[in-house]
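What follows is the content of query.txt, which has compact mmCIF, C-alpha atoms and all ligand atoms:
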# COMPACT_ATOMS: atom_id res chain seq x y z
CA MET A 1 0.00 0.00 0.00
CA SER A 2 1.19 3.48 -0.74
CA LEU A 3 0.14 7.04 -1.38
CA PRO A 4 -1.63 7.54 -4.68
CA THR A 5 0.15 9.22 -7.55
CA GLU A 6 -1.40 11.63 -10.07
CA GLU A 7 -2.21 8.68 -12.28
CA ASP A 8 -3.96 6.89 -9.41
CA LEU A 9 -6.18 9.89 -8.79
CA LYS A 10 -7.74 9.54 -12.22
CA ARG A 11 -8.89 5.99 -11.54
CA TYR A 12 -12.33 4.92 -10.37
CA ASP A 13 -12.79 5.35 -6.64
CA PRO A 14 -15.82 3.63 -5.06
CA ILE A 15 -15.55 5.32 -1.68
CA LYS A 16 -15.23 8.83 -3.08
CA ALA A 17 -18.85 8.70 -4.23
CA ASP A 18 -20.07 7.30 -0.91
CA ILE A 19 -18.31 9.92 1.16
CA THR A 20 -19.54 12.80 -0.98
CA VAL A 21 -23.15 11.65 -0.88
CA VAL A 22 -23.06 10.87 2.83
CA LEU A 23 -21.54 14.15 3.92
CA GLU A 24 -23.51 16.49 1.73
CA THR A 25 -26.85 15.59 3.31
CA PRO A 26 -28.21 18.83 4.78
CA HIS A 27 -29.17 18.72 8.44
CA GLU A 28 -31.70 21.49 8.46
CA GLN A 29 -34.33 19.94 6.18
CA ASP A 30 -37.24 20.22 8.58
CA THR A 31 -38.07 21.58 12.04
CA GLU A 32 -37.25 18.33 13.83
CA SER A 33 -33.81 17.85 12.26
CA LYS A 34 -33.08 21.53 12.83
CA ARG A 35 -33.93 21.09 16.51
CA VAL A 36 -31.64 18.05 16.81
CA PHE A 37 -28.85 19.91 14.97
CA GLU A 38 -29.03 22.81 17.42
CA GLU A 39 -29.13 20.44 20.37
CA LYS A 40 -25.93 18.70 19.15
CA VAL A 41 -24.19 22.07 18.65
CA ARG A 42 -25.07 22.97 22.25
CA HIS A 43 -23.81 19.56 23.42
CA VAL A 44 -20.36 20.16 21.87
CA ALA A 45 -20.29 23.69 23.33
CA SER A 46 -21.03 22.39 26.82
CA PHE A 47 -18.36 19.67 26.48
CA ARG A 48 -15.83 22.42 25.64
CA LYS A 49 -16.94 24.47 28.61
CA HIS A 50 -16.72 21.45 30.89
CA LEU A 51 -13.13 20.78 29.73
CA GLU A 52 -12.12 24.41 30.18
CA GLY A 53 -12.73 24.02 33.90
CA MET A 54 -10.68 20.82 34.13
CA GLU A 55 -7.10 20.52 35.32
CA ASP A 56 -6.61 16.95 34.23
CA TYR A 57 -8.24 15.43 31.14
CA SER A 58 -7.71 11.90 32.45
CA THR A 59 -10.79 12.43 34.61
CA ILE A 60 -13.17 12.96 31.65
CA ALA A 61 -16.02 10.50 32.17
CA ARG A 62 -16.79 7.75 29.66
CA ASP A 63 -20.34 9.10 29.29
CA ASP A 64 -18.98 12.54 28.40
CA TYR A 65 -16.89 10.99 25.62
CA CYS A 66 -19.85 8.96 24.38
CA GLY A 67 -22.09 12.02 24.35
CA VAL A 68 -19.66 14.24 22.46
CA LEU A 69 -18.76 11.50 19.97
CA SER A 70 -22.41 11.02 19.18
CA ALA A 71 -22.88 14.80 18.73
CA LEU A 72 -19.79 15.07 16.51
CA ASP A 73 -20.96 12.09 14.47
CA TYR A 74 -24.27 13.83 13.82
CA LEU A 75 -22.72 17.24 13.06
CA CYS A 76 -19.64 16.30 11.03
CA PHE A 77 -20.36 12.80 9.70
CA CYS A 78 -24.17 13.00 9.28
CA GLY A 79 -24.51 10.21 11.85
CA GLU A 80 -22.87 7.66 9.55
CA ILE A 81 -20.35 6.30 12.05
CA PHE A 82 -22.80 5.02 14.63
CA ARG A 83 -25.75 4.42 12.28
CA PRO A 84 -26.69 0.72 12.35
CA ALA A 85 -25.48 -0.89 9.13
CA PRO A 86 -26.79 -4.08 7.50
CA ILE A 87 -23.42 -5.71 8.21
CA TYR A 88 -23.85 -5.28 11.95
CA SER A 89 -26.80 -6.41 14.02
CA ASN A 90 -26.65 -3.22 16.05
CA MET A 91 -24.64 -0.07 16.51
CA LEU A 92 -20.90 -0.45 16.90
CA PRO A 93 -20.26 0.01 20.60
CA LEU A 94 -17.22 1.89 21.77
CA THR A 95 -14.54 1.02 24.25
CA PHE A 96 -12.23 3.71 25.51
CA LYS A 97 -8.65 3.26 26.57
CA ILE A 98 -7.50 6.44 28.26
CA ILE A 99 -3.80 6.77 28.88
CA SER A 100 -1.65 9.64 30.11
CA ASP A 101 1.89 9.38 28.75
CA PRO A 102 3.70 12.68 28.11
CA ASP A 103 6.71 10.85 26.63
CA SER A 104 4.76 9.07 23.91
CA THR A 105 4.44 10.75 20.49
CA THR A 106 1.03 9.13 19.94
CA MET A 107 -2.00 11.36 20.56
CA ALA A 108 -4.65 8.73 19.89
CA ARG A 109 -5.35 5.54 17.98
CA THR A 110 -8.45 3.68 16.77
CA TRP A 111 -8.86 0.01 15.99
CA ILE A 112 -11.62 -2.59 15.74
CA GLU A 113 -11.93 -5.64 17.96
CA GLY A 114 -14.73 -7.87 16.69
CA SER A 115 -17.48 -5.40 15.84
CA ARG A 116 -16.38 -2.95 18.49
CA TYR A 117 -14.46 0.26 17.96
CA VAL A 118 -11.68 0.88 20.43
CA LEU A 119 -10.54 4.45 20.84
CA GLY A 120 -7.27 4.99 22.69
CA ILE A 121 -6.58 8.59 23.77
CA ASN A 122 -3.36 9.88 25.26
CA VAL A 123 -4.75 12.76 27.33
CA ALA A 124 -1.26 13.96 28.31
CA LYS A 125 -0.77 15.16 24.71
CA HIS A 126 -3.84 17.45 24.81
CA ASP A 127 -3.79 20.92 26.36
CA THR A 128 -7.03 22.49 25.15
CA PRO A 129 -10.61 21.36 24.51
CA LEU A 130 -10.28 22.23 20.80
CA MET A 131 -7.17 20.09 20.50
CA LEU A 132 -9.04 17.15 21.97
CA ILE A 133 -12.02 17.73 19.65
CA GLY A 134 -9.61 17.83 16.68
CA THR A 135 -8.17 14.48 17.76
CA LEU A 136 -11.64 12.96 18.19
CA LEU A 137 -12.57 14.07 14.65
CA HIS A 138 -9.29 12.61 13.36
CA GLU A 139 -10.02 9.25 14.99
CA MET A 140 -13.68 9.32 13.95
CA SER A 141 -12.54 9.72 10.33
CA HIS A 142 -10.63 6.44 10.78
CA MET A 143 -13.79 4.86 12.21
CA LEU A 144 -15.89 5.78 9.20
CA ILE A 145 -13.20 4.56 6.79
CA HIS A 146 -13.04 1.25 8.73
CA LYS A 147 -16.80 0.92 8.46
CA LEU A 148 -16.95 1.77 4.73
CA ARG A 149 -14.10 -0.63 4.07
CA ARG A 150 -15.93 -3.48 5.76
CA GLN A 151 -19.11 -2.66 3.87
CA GLU A 152 -17.23 -2.69 0.56
CA GLN A 153 -15.59 -6.03 1.49
CA ILE A 154 -18.86 -7.66 2.50
CA GLU A 155 -20.67 -6.42 -0.58
CA GLY A 156 -17.81 -7.76 -2.70
CA ARG A 157 -16.87 -4.49 -4.41
CA PRO A 158 -13.26 -4.25 -5.48
CA MET A 159 -11.21 -1.82 -3.46
CA LEU A 160 -8.03 0.01 -4.22
CA GLU A 161 -6.11 -1.10 -1.15
CA TYR A 162 -3.24 1.30 -1.72
CA LEU A 163 -5.63 4.26 -1.34
CA PHE A 164 -6.00 3.42 2.37
CA GLY A 165 -2.32 4.28 2.75
CA ALA A 166 0.55 2.68 4.58
CA THR A 167 -0.57 4.12 7.94
CA GLY A 168 -4.32 4.51 7.30
CA HIS A 169 -3.87 8.19 6.39
CA GLY A 170 -3.91 7.70 2.62
CA TYR A 171 -6.21 9.10 -0.02
CA TYR A 172 -9.51 7.98 1.52
CA TRP A 173 -8.70 9.36 4.95
CA GLN A 174 -7.44 12.66 3.51
CA ARG A 175 -10.52 13.11 1.33
CA LEU A 176 -12.83 12.52 4.26
CA ALA A 177 -10.79 14.59 6.75
CA ARG A 178 -10.87 17.57 4.38
CA VAL A 179 -14.68 17.54 4.35
CA VAL A 180 -14.88 16.91 8.09
CA GLU A 181 -12.51 19.76 8.94
CA ALA A 182 -14.46 22.14 6.69
CA ARG A 183 -17.70 21.18 8.47
CA ALA A 184 -16.08 21.55 11.90
CA TYR A 185 -14.89 25.06 10.91
CA GLU A 186 -18.40 25.98 9.91
CA ILE A 187 -20.23 24.44 12.86
CA ILE A 188 -17.80 24.40 15.81
CA ASP A 189 -14.68 26.58 15.53
CA ARG A 190 -12.27 27.65 12.80
CA ARG A 191 -9.24 26.76 14.96
CA ILE A 192 -9.95 23.03 14.94
CA ASP A 193 -7.05 21.00 13.58
CA VAL A 194 -7.82 17.48 12.43
CA GLY A 195 -4.10 16.79 11.89
CA ARG A 196 -4.16 16.47 8.10
CA LEU A 197 -0.66 17.87 7.61
CA GLU A 198 0.90 15.56 10.20
CA ALA A 199 -1.01 12.69 8.60
CA ILE A 200 0.51 13.39 5.15
CA SER A 201 3.94 13.63 6.73
CA HIS A 202 3.46 10.37 8.63
CA GLU A 203 2.26 8.63 5.50
CA ARG A 204 5.16 10.01 3.46
CA GLU A 205 7.66 8.60 5.98
CA ALA A 206 6.03 5.20 6.17
CA SER A 207 5.50 4.71 2.43
CA GLY A 208 8.66 6.47 1.25
CA ILE A 209 6.64 8.00 -1.58
CA VAL A 210 6.77 11.75 -2.23
CA PRO A 211 3.18 12.97 -2.66
CA SER A 212 2.54 14.63 -6.01
CA GLN A 213 1.35 18.24 -6.35
CA ALA A 214 -2.03 16.85 -7.50
CA TYR A 215 -2.26 15.04 -4.17
CA TYR A 216 -1.65 18.24 -2.23
CA GLU A 217 -4.27 19.95 -4.39
CA MET A 218 -6.76 17.20 -3.55
CA CYS A 219 -6.05 17.69 0.17
CA TYR A 220 -5.81 21.48 0.24
CA GLY A 221 -6.93 22.98 -3.10
CA GLY A 222 -8.95 26.15 -2.39
CA TRP A 223 -7.58 26.50 1.17
CA GLU A 224 -5.25 29.32 2.18
CA SER A 225 -2.84 29.71 5.08
CA SER A 226 -3.28 32.62 7.50
CA ASP A 227 -0.84 34.74 5.45
CA GLY A 228 -2.76 34.09 2.22
CA LYS A 229 -0.46 31.45 0.69
CA PRO A 230 -2.10 28.46 -1.03
CA MET A 231 -2.23 25.65 1.54
CA ALA A 232 -1.24 23.05 -1.08
CA GLU A 233 2.15 24.82 -1.34
CA VAL A 234 2.55 25.32 2.40
CA ALA A 235 1.70 21.67 3.03
CA SER A 236 4.20 20.35 0.51
CA GLU A 237 6.97 22.56 1.98
CA TYR A 238 6.06 21.47 5.52
CA VAL A 239 6.03 17.75 4.72
CA GLU A 240 9.36 17.89 2.88
CA SER A 241 10.98 19.95 5.64
CA CYS A 242 9.85 17.38 8.25
CA HIS A 243 11.29 14.68 6.04
CA ASN A 244 14.63 16.52 5.77
CA VAL A 245 14.80 17.03 9.52
CA ARG A 246 14.35 13.31 10.01
CA LEU A 247 16.92 12.48 7.36
CA ASN A 248 19.48 14.87 8.83
CA LYS A 249 18.92 13.44 12.30
CA GLU A 250 19.58 9.98 10.98
CA ALA A 251 22.69 11.14 9.12
CA LEU A 252 24.04 12.85 12.23
CA GLN A 253 23.30 9.83 14.36
CA GLU A 254 25.14 7.65 11.87
CA MET A 255 28.19 9.96 11.91
CA ALA A 256 28.26 10.14 15.70
CA PHE A 257 27.54 6.45 16.33
CA PRO A 258 28.60 4.51 13.24
CA ASN A 259 27.81 1.18 14.88
CA GLY A 260 24.48 2.21 16.35
CA GLY A 261 26.13 3.59 19.50
CA GLU A 262 27.66 0.36 20.72
ZN ZN B 301 -4.68 8.76 12.37
Give the structure from this file in structure tokens form.
Ligand SMILES: [Zn+2]
Amino acid sequence: MSLPTEEDLKRYDPIKADITVVLETPHEQDTESKRVFEEKVRHVASFRKHLEGMEDYSTIARDDYCGVLSALDYLCFCGEIFRPAPIYSNMLPLTFKIISDPDSTTMARTWIEGSRYVLGINVAKHDTPLMLIGTLLHEMSHMLIHKLRRQEQIEGRPMLEYLFGATGHGYYWQRLARVVEARAYEIIDRRIDVGRLEAISHEREASGIVPSQAYYEMCYGGWESSDGKPMAEVASEYVESCHNVRLNKEALQEMAFPNGGE
């Protein structure tokens, strides 16, 4: 599996259609859905407020996570993550694994055990409520991709495995995260960061493939940085500079400890 190239982007993509249809459903079609929408917006706002008064995020209750995940699913994923699917007899339940490890570089991780999502959150790597919400949206994007992937497998539709990426942050994740971040800007707060840049960088390291300019355009076309530069350019510079930093570190390490420090 690897990052797609320009040529790959022209090929047929079964999930692209699904994600576009799913996430363009308007919420405010009638009075009842408008009421639910407003209720979910208030739920996220009160979660933020609750966190602002907290010293230590490791004490966030499981019910508070469940509540905000359900609200975010409704607002940013049109309820698709926890909607019962024909492949499951009921909704995918969630298990949380909360850790607090300031030395780890991992902020969070999602995986499936049986038909259960497991969401692991490293609360020590989160300083603000918005940072935590950004991480939840990042992980929820993985959840929806997991779910769509299983649906495609069960329904026997061919999938382009390499578009999932070497680390799960490939083309499908980036496409979805772009839409999700745009919705979160509109509905919750413009400062939310879903971690798309870090995800490209991570993927670039793991796959060894340099993303094409077309790929950056797919991720960031139409977006601008705070100083008005096209985000596709900023992103490509950022990812390559991270890559160089890593390379230089390795080169220095090799010079200093030619035999791995023994
Ligand atoms: Zn991720």
task = Skip range 187-189 of chain A itself and residues of its chain fewer than 4 positions away, then list as a PyMOL selection string all residues within 8 Å of it, counting all atoms listed in the file.
result = chain A and resi 41+44-45+75+183
Output C-alpha atoms of each residue in that selection to a file, as an mmCIF file, in the frame of the given file.
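File produced: again-v6.cif:
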data_model
loop_
_atom_site.group_PDB
_atom_site.id
_atom_site.type_symbol
_atom_site.label_atom_id
_atom_site.label_comp_id
_atom_site.auth_asym_id
_atom_site.auth_seq_id
_atom_site.Cartn_x
_atom_site.Cartn_y
_atom_site.Cartn_z
ATOM 1 C CA VAL A 41 -24.190 22.070 18.650
ATOM 2 C CA VAL A 44 -20.360 20.160 21.870
ATOM 3 C CA ALA A 45 -20.290 23.690 23.330
ATOM 4 C CA LEU A 75 -22.720 17.240 13.060
ATOM 5 C CA ARG A 183 -17.700 21.180 8.470
#
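Residue nearest Glu233 in chain A, chosen from A:Leu197, A:Leu130, A:Ala166, A:Leu51 and counting all atoms listed in the file: A:Leu197.
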query = Mind listing the residues within 12 Å of ligand ZN 301 (chain B), only C-alpha atoms and all ligand atoms counted, as a ChimeraX atom specification?
reply = /A:106-111,119-121,134-143,145-146,164-170,172-174,177,194-203
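Note that CA of Ser33 in chain A and CA of Asp73 in chain A are 14.3 Å apart.
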Residue neighbourhood range 228-232 of chain A, 12 Å, only C-alpha atoms, exclusion window fewer than 3 positions, as an mmCIF file with C-alpha atoms, in the frame of the given file:
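Now in selection_34.cif:
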data_model
loop_
_atom_site.group_PDB
_atom_site.id
_atom_site.type_symbol
_atom_site.label_atom_id
_atom_site.label_comp_id
_atom_site.auth_asym_id
_atom_site.auth_seq_id
_atom_site.Cartn_x
_atom_site.Cartn_y
_atom_site.Cartn_z
ATOM 1 C CA ARG A 196 -4.160 16.470 8.100
ATOM 2 C CA LEU A 197 -0.660 17.870 7.610
ATOM 3 C CA ILE A 200 0.510 13.390 5.150
ATOM 4 C CA PRO A 211 3.180 12.970 -2.660
ATOM 5 C CA SER A 212 2.540 14.630 -6.010
ATOM 6 C CA GLN A 213 1.350 18.240 -6.350
ATOM 7 C CA ALA A 214 -2.030 16.850 -7.500
ATOM 8 C CA TYR A 215 -2.260 15.040 -4.170
ATOM 9 C CA TYR A 216 -1.650 18.240 -2.230
ATOM 10 C CA GLU A 217 -4.270 19.950 -4.390
ATOM 11 C CA MET A 218 -6.760 17.200 -3.550
ATOM 12 C CA CYS A 219 -6.050 17.690 0.170
ATOM 13 C CA TYR A 220 -5.810 21.480 0.240
ATOM 14 C CA GLY A 221 -6.930 22.980 -3.100
ATOM 15 C CA GLY A 222 -8.950 26.150 -2.390
ATOM 16 C CA TRP A 223 -7.580 26.500 1.170
ATOM 17 C CA GLU A 224 -5.250 29.320 2.180
ATOM 18 C CA SER A 225 -2.840 29.710 5.080
ATOM 19 C CA ALA A 235 1.700 21.670 3.030
ATOM 20 C CA SER A 236 4.200 20.350 0.510
ATOM 21 C CA GLU A 237 6.970 22.560 1.980
ATOM 22 C CA TYR A 238 6.060 21.470 5.520
ATOM 23 C CA VAL A 239 6.030 17.750 4.720
#
task = For CA of Phe82 in chain A and CA of Ser46 in chain A, determine how far apart the two atoms are, in Å to one decimal place.
result = 21.3 Å
